[in-house]
file my_file.tsv (TSV, N, CA and C atoms)
chain	number	residue	atom	x	y	z
Q	1	MET	N	131.90	154.18	64.77
Q	1	MET	CA	131.79	153.37	65.97
Q	1	MET	C	131.03	154.16	67.03
Q	2	ALA	N	130.12	153.50	67.69
Q	2	ALA	CA	129.36	154.14	68.77
Q	2	ALA	C	130.31	154.53	69.90
Q	3	SER	N	129.88	155.52	70.67
Q	3	SER	CA	130.74	156.02	71.72
Q	3	SER	C	130.03	155.97	73.06
Q	4	SER	N	130.79	155.66	74.08
Q	4	SER	CA	130.26	155.73	75.44
Q	4	SER	C	130.55	157.10	76.05
Q	5	LEU	N	131.26	157.95	75.31
Q	5	LEU	CA	131.58	159.29	75.79
Q	5	LEU	C	130.35	160.18	75.66
Q	6	SER	N	129.97	160.82	76.74
Q	6	SER	CA	128.81	161.70	76.75
Q	6	SER	C	129.24	163.07	77.25
Q	7	VAL	N	128.98	164.09	76.46
Q	7	VAL	CA	129.32	165.46	76.86
Q	7	VAL	C	128.11	166.35	76.65
Q	8	ALA	N	128.12	167.50	77.28
Q	8	ALA	CA	127.02	168.44	77.15
Q	8	ALA	C	126.86	168.89	75.70
Q	9	ALA	N	125.63	169.10	75.29
Q	9	ALA	CA	125.36	169.51	73.92
Q	9	ALA	C	125.86	170.93	73.64
Q	10	ASN	N	125.81	171.80	74.63
Q	10	ASN	CA	126.22	173.20	74.46
Q	10	ASN	C	127.39	173.52	75.38
Q	11	ARG	N	128.35	174.23	74.81
Q	11	ARG	CA	129.50	174.68	75.61
Q	11	ARG	C	129.33	176.16	75.92
Q	12	ILE	N	129.74	176.56	77.09
Q	12	ILE	CA	129.63	177.95	77.52
Q	12	ILE	C	130.90	178.68	77.09
Q	13	PRO	N	130.79	179.64	76.19
Q	13	PRO	CA	131.98	180.33	75.67
Q	13	PRO	C	132.86	180.94	76.75
Q	14	ALA	N	132.30	181.34	77.87
Q	14	ALA	CA	133.09	181.95	78.94
Q	14	ALA	C	134.15	180.99	79.47
Q	15	TYR	N	133.96	179.71	79.24
Q	15	TYR	CA	134.90	178.71	79.74
Q	15	TYR	C	135.93	178.29	78.69
Q	16	ASP	N	135.90	178.89	77.50
Q	16	ASP	CA	136.91	178.57	76.49
Q	16	ASP	C	138.30	178.85	77.05
Q	17	ASN	N	139.25	178.00	76.73
Q	17	ASN	CA	140.64	178.08	77.17
Q	17	ASN	C	140.80	177.88	78.67
Q	18	THR	N	139.83	177.32	79.31
Q	18	THR	CA	139.95	176.95	80.72
Q	18	THR	C	140.24	175.45	80.78
Q	19	PRO	N	140.73	174.96	81.92
Q	19	PRO	CA	140.98	173.52	82.02
Q	19	PRO	C	139.76	172.67	81.67
Q	20	ALA	N	138.57	173.16	81.98
Q	20	ALA	CA	137.36	172.38	81.67
Q	20	ALA	C	137.22	172.14	80.17
Q	21	HIS	N	137.34	173.18	79.37
Q	21	HIS	CA	137.19	173.02	77.93
Q	21	HIS	C	138.42	172.38	77.29
Q	22	ILE	N	139.58	172.64	77.84
Q	22	ILE	CA	140.79	171.99	77.33
Q	22	ILE	C	140.66	170.48	77.51
Q	23	THR	N	140.13	170.05	78.65
Q	23	THR	CA	139.92	168.63	78.89
Q	23	THR	C	138.88	168.07	77.92
Q	24	LEU	N	137.80	168.81	77.69
Q	24	LEU	CA	136.80	168.35	76.73
Q	24	LEU	C	137.40	168.21	75.33
Q	25	ASP	N	138.22	169.16	74.92
Q	25	ASP	CA	138.87	169.08	73.61
Q	25	ASP	C	139.76	167.85	73.54
Q	26	TRP	N	140.48	167.59	74.61
Q	26	TRP	CA	141.36	166.42	74.64
Q	26	TRP	C	140.55	165.13	74.55
Q	27	THR	N	139.43	165.06	75.27
Q	27	THR	CA	138.65	163.82	75.23
Q	27	THR	C	138.10	163.56	73.84
Q	28	ASP	N	137.75	164.61	73.12
Q	28	ASP	CA	137.30	164.43	71.73
Q	28	ASP	C	138.39	163.78	70.89
Q	29	GLN	N	139.62	164.16	71.11
Q	29	GLN	CA	140.74	163.61	70.34
Q	29	GLN	C	141.14	162.22	70.82
Q	30	ALA	N	141.05	161.99	72.12
Q	30	ALA	CA	141.54	160.74	72.70
Q	30	ALA	C	140.53	159.59	72.62
Q	31	ASN	N	139.25	159.92	72.53
Q	31	ASN	CA	138.23	158.88	72.52
Q	31	ASN	C	138.45	157.93	71.35
Q	32	HIS	N	138.52	156.66	71.63
Q	32	HIS	CA	138.77	155.58	70.68
Q	32	HIS	C	140.18	155.62	70.10
Q	33	ALA	N	141.08	156.37	70.74
Q	33	ALA	CA	142.47	156.42	70.30
Q	33	ALA	C	143.41	156.05	71.45
Q	34	GLN	N	142.85	155.43	72.50
Q	34	GLN	CA	143.64	155.09	73.66
Q	34	GLN	C	144.69	154.03	73.28
Q	35	LEU	N	145.81	154.11	73.98
Q	35	LEU	CA	146.87	153.14	73.77
Q	35	LEU	C	146.47	151.81	74.39
Q	36	GLY	N	147.14	150.77	73.98
Q	36	GLY	CA	146.95	149.48	74.61
Q	36	GLY	C	145.92	148.62	73.92
Q	37	ASP	N	145.68	147.48	74.53
Q	37	ASP	CA	144.79	146.47	73.97
Q	37	ASP	C	143.63	146.26	74.94
Q	38	PRO	N	142.44	146.80	74.63
Q	38	PRO	CA	141.33	146.70	75.56
Q	38	PRO	C	140.89	145.26	75.84
Q	39	VAL	N	141.04	144.39	74.88
Q	39	VAL	CA	140.67	142.98	75.09
Q	39	VAL	C	141.62	142.35	76.10
Q	40	LYS	N	142.91	142.61	75.94
Q	40	LYS	CA	143.91	142.08	76.88
Q	40	LYS	C	143.69	142.66	78.28
Q	41	ASP	N	143.41	143.96	78.34
Q	41	ASP	CA	143.17	144.59	79.63
Q	41	ASP	C	141.92	144.02	80.31
Q	42	ALA	N	140.86	143.81	79.53
Q	42	ALA	CA	139.64	143.24	80.11
Q	42	ALA	C	139.89	141.84	80.65
Q	43	ALA	N	140.67	141.05	79.93
Q	43	ALA	CA	141.00	139.70	80.40
Q	43	ALA	C	141.79	139.77	81.71
Q	44	LEU	N	142.69	140.72	81.82
Q	44	LEU	CA	143.47	140.86	83.05
Q	44	LEU	C	142.58	141.30	84.21
Q	45	ILE	N	141.64	142.20	83.93
Q	45	ILE	CA	140.71	142.64	84.98
Q	45	ILE	C	139.91	141.45	85.50
Q	46	VAL	N	139.41	140.63	84.59
Q	46	VAL	CA	138.65	139.44	85.00
Q	46	VAL	C	139.54	138.51	85.82
Q	47	GLU	N	140.77	138.31	85.38
Q	47	GLU	CA	141.71	137.45	86.10
Q	47	GLU	C	141.97	137.97	87.51
Q	48	VAL	N	142.22	139.26	87.61
Q	48	VAL	CA	142.54	139.86	88.91
Q	48	VAL	C	141.35	139.77	89.87
Q	49	THR	N	140.16	139.97	89.36
Q	49	THR	CA	138.98	139.93	90.24
Q	49	THR	C	138.72	138.53	90.80
Q	50	GLY	N	139.35	137.54	90.22
Q	50	GLY	CA	139.19	136.18	90.72
Q	50	GLY	C	140.25	135.77	91.72
Q	51	THR	N	141.12	136.70	92.10
Q	51	THR	CA	142.19	136.37	93.04
Q	51	THR	C	141.72	136.59	94.47
Q	52	GLN	N	142.44	136.01	95.41
Q	52	GLN	CA	142.10	136.14	96.82
Q	52	GLN	C	142.34	137.54	97.36
Q	53	LYS	N	143.42	138.17	96.89
Q	53	LYS	CA	143.78	139.50	97.38
Q	53	LYS	C	143.81	140.46	96.20
Q	54	LEU	N	142.89	141.41	96.22
Q	54	LEU	CA	142.84	142.38	95.13
Q	54	LEU	C	143.94	143.42	95.31
Q	55	PRO	N	144.53	143.88	94.21
Q	55	PRO	CA	145.53	144.94	94.32
Q	55	PRO	C	144.88	146.27	94.71
Q	56	THR	N	145.63	147.12	95.36
Q	56	THR	CA	145.12	148.45	95.70
Q	56	THR	C	144.84	149.24	94.43
Q	57	HIS	N	145.71	149.10	93.46
Q	57	HIS	CA	145.56	149.74	92.15
Q	57	HIS	C	145.88	148.69	91.09
Q	58	LEU	N	145.22	148.80	89.96
Q	58	LEU	CA	145.52	147.91	88.84
Q	58	LEU	C	146.00	148.79	87.69
Q	59	TYR	N	147.28	148.76	87.45
Q	59	TYR	CA	147.90	149.59	86.42
Q	59	TYR	C	147.92	148.80	85.11
Q	60	LEU	N	147.28	149.34	84.10
Q	60	LEU	CA	147.18	148.65	82.82
Q	60	LEU	C	147.87	149.45	81.73
Q	61	GLY	N	148.65	148.78	80.92
Q	61	GLY	CA	149.29	149.40	79.77
Q	61	GLY	C	150.71	149.83	80.05
Q	62	GLN	N	151.54	149.66	79.04
Q	62	GLN	CA	152.95	150.03	79.16
Q	62	GLN	C	153.12	151.52	79.39
Q	63	ASP	N	152.25	152.33	78.78
Q	63	ASP	CA	152.34	153.78	78.98
Q	63	ASP	C	152.11	154.15	80.44
Q	64	THR	N	151.19	153.45	81.08
Q	64	THR	CA	150.92	153.70	82.50
Q	64	THR	C	152.13	153.31	83.33
Q	65	LEU	N	152.69	152.16	83.05
Q	65	LEU	CA	153.87	151.70	83.80
Q	65	LEU	C	155.04	152.65	83.61
Q	66	ASP	N	155.23	153.12	82.39
Q	66	ASP	CA	156.33	154.07	82.13
Q	66	ASP	C	156.13	155.36	82.92
Q	67	ARG	N	154.91	155.89	82.94
Q	67	ARG	CA	154.65	157.13	83.70
Q	67	ARG	C	154.83	156.91	85.19
Q	68	LEU	N	154.43	155.74	85.67
Q	68	LEU	CA	154.61	155.45	87.10
Q	68	LEU	C	156.08	155.34	87.47
Q	69	GLU	N	156.88	154.79	86.60
Q	69	GLU	CA	158.33	154.71	86.86
Q	69	GLU	C	158.92	156.10	86.99
Q	70	VAL	N	158.50	157.03	86.12
Q	70	VAL	CA	158.98	158.40	86.19
Q	70	VAL	C	158.52	159.04	87.50
Q	71	LYS	N	157.26	158.85	87.85
Q	71	LYS	CA	156.73	159.41	89.09
Q	71	LYS	C	157.44	158.82	90.30
Q	72	TYR	N	157.65	157.53	90.28
Q	72	TYR	CA	158.35	156.86	91.38
Q	72	TYR	C	159.75	157.45	91.57
Q	73	GLN	N	160.46	157.68	90.47
Q	73	GLN	CA	161.80	158.26	90.56
Q	73	GLN	C	161.74	159.69	91.09
Q	74	GLN	N	160.73	160.46	90.68
Q	74	GLN	CA	160.57	161.82	91.20
Q	74	GLN	C	160.35	161.80	92.71
Q	75	VAL	N	159.52	160.89	93.18
Q	75	VAL	CA	159.26	160.79	94.62
Q	75	VAL	C	160.54	160.40	95.35
Q	76	GLN	N	161.28	159.45	94.82
Q	76	GLN	CA	162.54	159.04	95.44
Q	76	GLN	C	163.52	160.21	95.51
Q	77	ASP	N	163.59	160.97	94.42
Q	77	ASP	CA	164.47	162.14	94.40
Q	77	ASP	C	164.04	163.19	95.42
Q	78	ASP	N	162.73	163.37	95.56
Q	78	ASP	CA	162.21	164.34	96.54
Q	78	ASP	C	162.49	163.89	97.97
Q	79	LEU	N	162.41	162.60	98.22
Q	79	LEU	CA	162.60	162.08	99.57
Q	79	LEU	C	164.07	162.01	100.00
Q	80	LYS	N	164.94	161.81	99.07
Q	80	LYS	CA	166.35	161.56	99.37
Q	80	LYS	C	166.97	162.59	100.32
Q	81	PRO	N	166.85	163.88	100.06
Q	81	PRO	CA	167.50	164.84	100.96
Q	81	PRO	C	166.91	164.86	102.37
Q	82	TRP	N	165.72	164.36	102.54
Q	82	TRP	CA	165.05	164.44	103.84
Q	82	TRP	C	165.23	163.20	104.69
Q	83	ARG	N	165.66	162.10	104.10
Q	83	ARG	CA	165.80	160.85	104.84
Q	83	ARG	C	166.76	160.99	106.02
Q	84	ALA	N	167.85	161.66	105.83
Q	84	ALA	CA	168.85	161.80	106.88
Q	84	ALA	C	168.42	162.83	107.94
Q	85	ARG	N	167.43	163.61	107.65
Q	85	ARG	CA	167.01	164.68	108.56
Q	85	ARG	C	165.83	164.31	109.42
Q	86	THR	N	165.29	163.12	109.25
Q	86	THR	CA	164.12	162.75	110.05
Q	86	THR	C	164.48	161.72	111.09
call {"tool": "encode", "arguments": {"input": "my_file.tsv", "output": "structure tokens"}}
result
Amino acid sequence: MASSLSVAANRIPAYDNTPAHITLDWTDQANHAQLGDPVKDAALIVEVTGTQKLPTHLYLGQDTLDRLEVKYQQVQDDLKPWRART
């Protein structure tokens, strides 16, 4: 399958084991292995763009929603001790 992923032809060895190359390694593995249904997501994007009020963010996929729930709970936990002090 053709890929829309474009990376540099040569990697600089000095950057091995740095976040830059770790990210490149991850993209090689993740490309065309993303979770979810791209057709369903594209249909939702088209639907949303036809609405009167666009969302600030458009969260697609159950994995995204699950991660956001965890993040939301972390933020709530961080805020809780400070609510009474402000």
call {"tool": "atom_distance", "arguments": {"input": "my_file.tsv", "atom1": "CA of Pro13 in chain Q", "atom2": "atom N of Asp28 in chain Q"}}
result
16.9 Å
call {"tool": "select_by_dssp", "arguments": {"input": "my_file.tsv", "residues": "range 49-84 of chain Q", "states": "helix (DSSP H, G or I)", "output": "list in words"}}
result
Thr49, Gln62, Asp63, Thr64, Leu65, Asp66, Arg67, Leu68, Glu69, Val70, Lys71, Tyr72, Gln73, Gln74, Val75, Gln76, Asp77, Asp78, Leu79, Lys80, Pro81, Trp82 and Arg83 of chain Q
call {"tool": "closest_residue", "arguments": {"input": "my_file.tsv", "among": "Q:Thr18, Q:Gly50, Q:Ser3, Q:Ile12", "to": "Ala30 in chain Q", "atoms": "only C-alpha atoms"}}
result
Q:Ser3
call {"tool": "residues_around", "arguments": {"input": "my_file.tsv", "residues": "Asp41 in chain Q", "least_positions_apart": "6", "cutoff": "8 Å", "atoms": "all atoms listed in the file", "output": "compact mmCIF listing (two decimals) with N, CA and C atoms, keeping the file's coordinate frame"}}
result
# COMPACT_ATOMS: atom_id res chain seq x y z
N GLU Q 47 140.77 138.31 85.38
CA GLU Q 47 141.71 137.45 86.10
C GLU Q 47 141.97 137.97 87.51
N LEU Q 60 147.28 149.34 84.10
CA LEU Q 60 147.18 148.65 82.82
C LEU Q 60 147.87 149.45 81.73
N GLY Q 61 148.65 148.78 80.92
CA GLY Q 61 149.29 149.40 79.77
C GLY Q 61 150.71 149.83 80.05
call {"tool": "atom_distance", "arguments": {"input": "my_file.tsv", "atom1": "CA of Leu24 in chain Q", "atom2": "atom C of Arg11 in chain Q"}}
result
10.8 Å
call {"tool": "atom_distance", "arguments": {"input": "my_file.tsv", "atom1": "atom C of Thr27 in chain Q", "atom2": "CA of Leu5 in chain Q"}}
result
8.0 Å
call {"tool": "axis_aligned_box", "arguments": {"input": "my_file.tsv", "around": "range 55-58 of chain Q", "padding_each_side": "8 Å", "output": "JSON"}}
result
{"center_x": 145.3, "center_y": 146.8, "center_z": 91.7, "size_x": 17.5, "size_y": 21.9, "size_z": 24.0}
call {"tool": "closest_residue", "arguments": {"input": "my_file.tsv", "among": "Q:Thr23, Q:Asp16, Q:Asn31, Q:Asp37", "to": "Ser4 in chain Q", "atoms": "only C-alpha atoms"}}
result
Q:Asn31
call {"tool": "decode", "arguments": {"input": "my_file.tsv", "residues": "range 26-39 of chain Q", "atoms": "all heavy atoms", "output": "short mmCIF file (atom, residue, chain, number, x, y, z; two decimals), in the first residue's frame"}}
result
data_model
loop_
_atom_site.label_atom_id
_atom_site.label_comp_id
_atom_site.auth_asym_id
_atom_site.auth_seq_id
_atom_site.Cartn_x
_atom_site.Cartn_y
_atom_site.Cartn_z
N TRP Q 26 8.89 4.68 15.85
CA TRP Q 26 7.49 4.42 16.17
C TRP Q 26 6.60 4.65 14.94
O TRP Q 26 5.70 3.87 14.67
CB TRP Q 26 7.04 5.31 17.33
CG TRP Q 26 5.58 5.19 17.58
CD1 TRP Q 26 4.95 4.23 18.31
CD2 TRP Q 26 4.55 6.06 17.09
NE1 TRP Q 26 3.59 4.45 18.29
CE2 TRP Q 26 3.33 5.56 17.54
CE3 TRP Q 26 4.56 7.21 16.30
CZ2 TRP Q 26 2.12 6.18 17.25
CZ3 TRP Q 26 3.37 7.81 16.00
CH2 TRP Q 26 2.17 7.29 16.48
N THR Q 27 6.87 5.72 14.19
CA THR Q 27 6.02 5.99 13.03
C THR Q 27 6.15 4.89 11.99
O THR Q 27 5.17 4.55 11.32
CB THR Q 27 6.33 7.36 12.38
OG1 THR Q 27 7.69 7.41 12.00
CG2 THR Q 27 5.99 8.50 13.30
N ASP Q 28 7.33 4.31 11.85
CA ASP Q 28 7.50 3.18 10.94
C ASP Q 28 6.59 2.03 11.33
O ASP Q 28 5.99 1.37 10.48
CB ASP Q 28 8.95 2.69 10.92
CG ASP Q 28 9.89 3.66 10.22
OD1 ASP Q 28 9.42 4.49 9.41
OD2 ASP Q 28 11.10 3.57 10.47
N GLN Q 29 6.46 1.78 12.62
CA GLN Q 29 5.63 0.69 13.11
C GLN Q 29 4.15 1.02 13.07
O GLN Q 29 3.31 0.16 12.80
CB GLN Q 29 6.01 0.32 14.54
CG GLN Q 29 7.41 -0.18 14.70
CD GLN Q 29 7.83 -0.24 16.16
OE1 GLN Q 29 7.02 -0.09 17.06
NE2 GLN Q 29 9.11 -0.45 16.40
N ALA Q 30 3.81 2.27 13.34
CA ALA Q 30 2.41 2.67 13.48
C ALA Q 30 1.73 2.99 12.14
O ALA Q 30 0.51 2.92 12.04
CB ALA Q 30 2.30 3.88 14.41
N ASN Q 31 2.52 3.34 11.13
CA ASN Q 31 1.94 3.72 9.85
C ASN Q 31 1.12 2.57 9.28
O ASN Q 31 1.59 1.45 9.16
CB ASN Q 31 3.05 4.14 8.88
CG ASN Q 31 2.51 4.83 7.65
OD1 ASN Q 31 1.49 5.52 7.72
ND2 ASN Q 31 3.17 4.64 6.54
N HIS Q 32 -0.11 2.84 8.95
CA HIS Q 32 -1.09 1.88 8.42
C HIS Q 32 -1.51 0.85 9.46
O HIS Q 32 -2.06 -0.19 9.11
CB HIS Q 32 -0.59 1.19 7.15
CG HIS Q 32 -0.42 2.15 6.01
ND1 HIS Q 32 -1.49 2.73 5.38
CD2 HIS Q 32 0.69 2.65 5.43
CE1 HIS Q 32 -1.05 3.54 4.43
NE2 HIS Q 32 0.26 3.52 4.45
N ALA Q 33 -1.22 1.11 10.73
CA ALA Q 33 -1.64 0.20 11.81
C ALA Q 33 -2.46 0.96 12.85
O ALA Q 33 -2.63 0.48 13.96
CB ALA Q 33 -0.42 -0.45 12.45
N GLN Q 34 -2.94 2.15 12.49
CA GLN Q 34 -3.69 2.97 13.42
C GLN Q 34 -5.00 2.26 13.79
O GLN Q 34 -5.58 1.54 12.98
CB GLN Q 34 -4.00 4.35 12.82
CG GLN Q 34 -2.78 5.21 12.62
CD GLN Q 34 -2.09 4.99 11.28
OE1 GLN Q 34 -2.32 4.02 10.58
NE2 GLN Q 34 -1.22 5.91 10.93
N LEU Q 35 -5.43 2.52 15.02
CA LEU Q 35 -6.69 1.98 15.48
C LEU Q 35 -7.84 2.73 14.83
O LEU Q 35 -7.68 3.84 14.35
CB LEU Q 35 -6.78 2.10 17.00
CG LEU Q 35 -5.70 1.37 17.80
CD1 LEU Q 35 -5.83 1.70 19.27
CD2 LEU Q 35 -5.81 -0.12 17.57
N GLY Q 36 -9.00 2.13 14.87
CA GLY Q 36 -10.19 2.82 14.41
C GLY Q 36 -10.53 2.55 12.97
O GLY Q 36 -9.89 1.76 12.28
N ASP Q 37 -11.55 3.24 12.52
CA ASP Q 37 -12.10 3.05 11.18
C ASP Q 37 -11.97 4.37 10.43
O ASP Q 37 -12.74 5.30 10.66
CB ASP Q 37 -13.56 2.64 11.30
CG ASP Q 37 -14.22 2.37 9.98
OD1 ASP Q 37 -13.69 2.79 8.93
OD2 ASP Q 37 -15.30 1.75 9.98
N PRO Q 38 -10.99 4.49 9.51
CA PRO Q 38 -10.79 5.76 8.83
C PRO Q 38 -11.99 6.21 7.99
O PRO Q 38 -12.23 7.40 7.84
CB PRO Q 38 -9.55 5.52 7.96
CG PRO Q 38 -9.38 4.06 7.88
CD PRO Q 38 -10.04 3.48 9.09
N VAL Q 39 -12.73 5.28 7.46
CA VAL Q 39 -13.92 5.63 6.67
C VAL Q 39 -14.97 6.26 7.58
O VAL Q 39 -15.56 7.30 7.26
CB VAL Q 39 -14.47 4.41 5.92
CG1 VAL Q 39 -15.79 4.73 5.24
CG2 VAL Q 39 -13.45 3.89 4.90
#
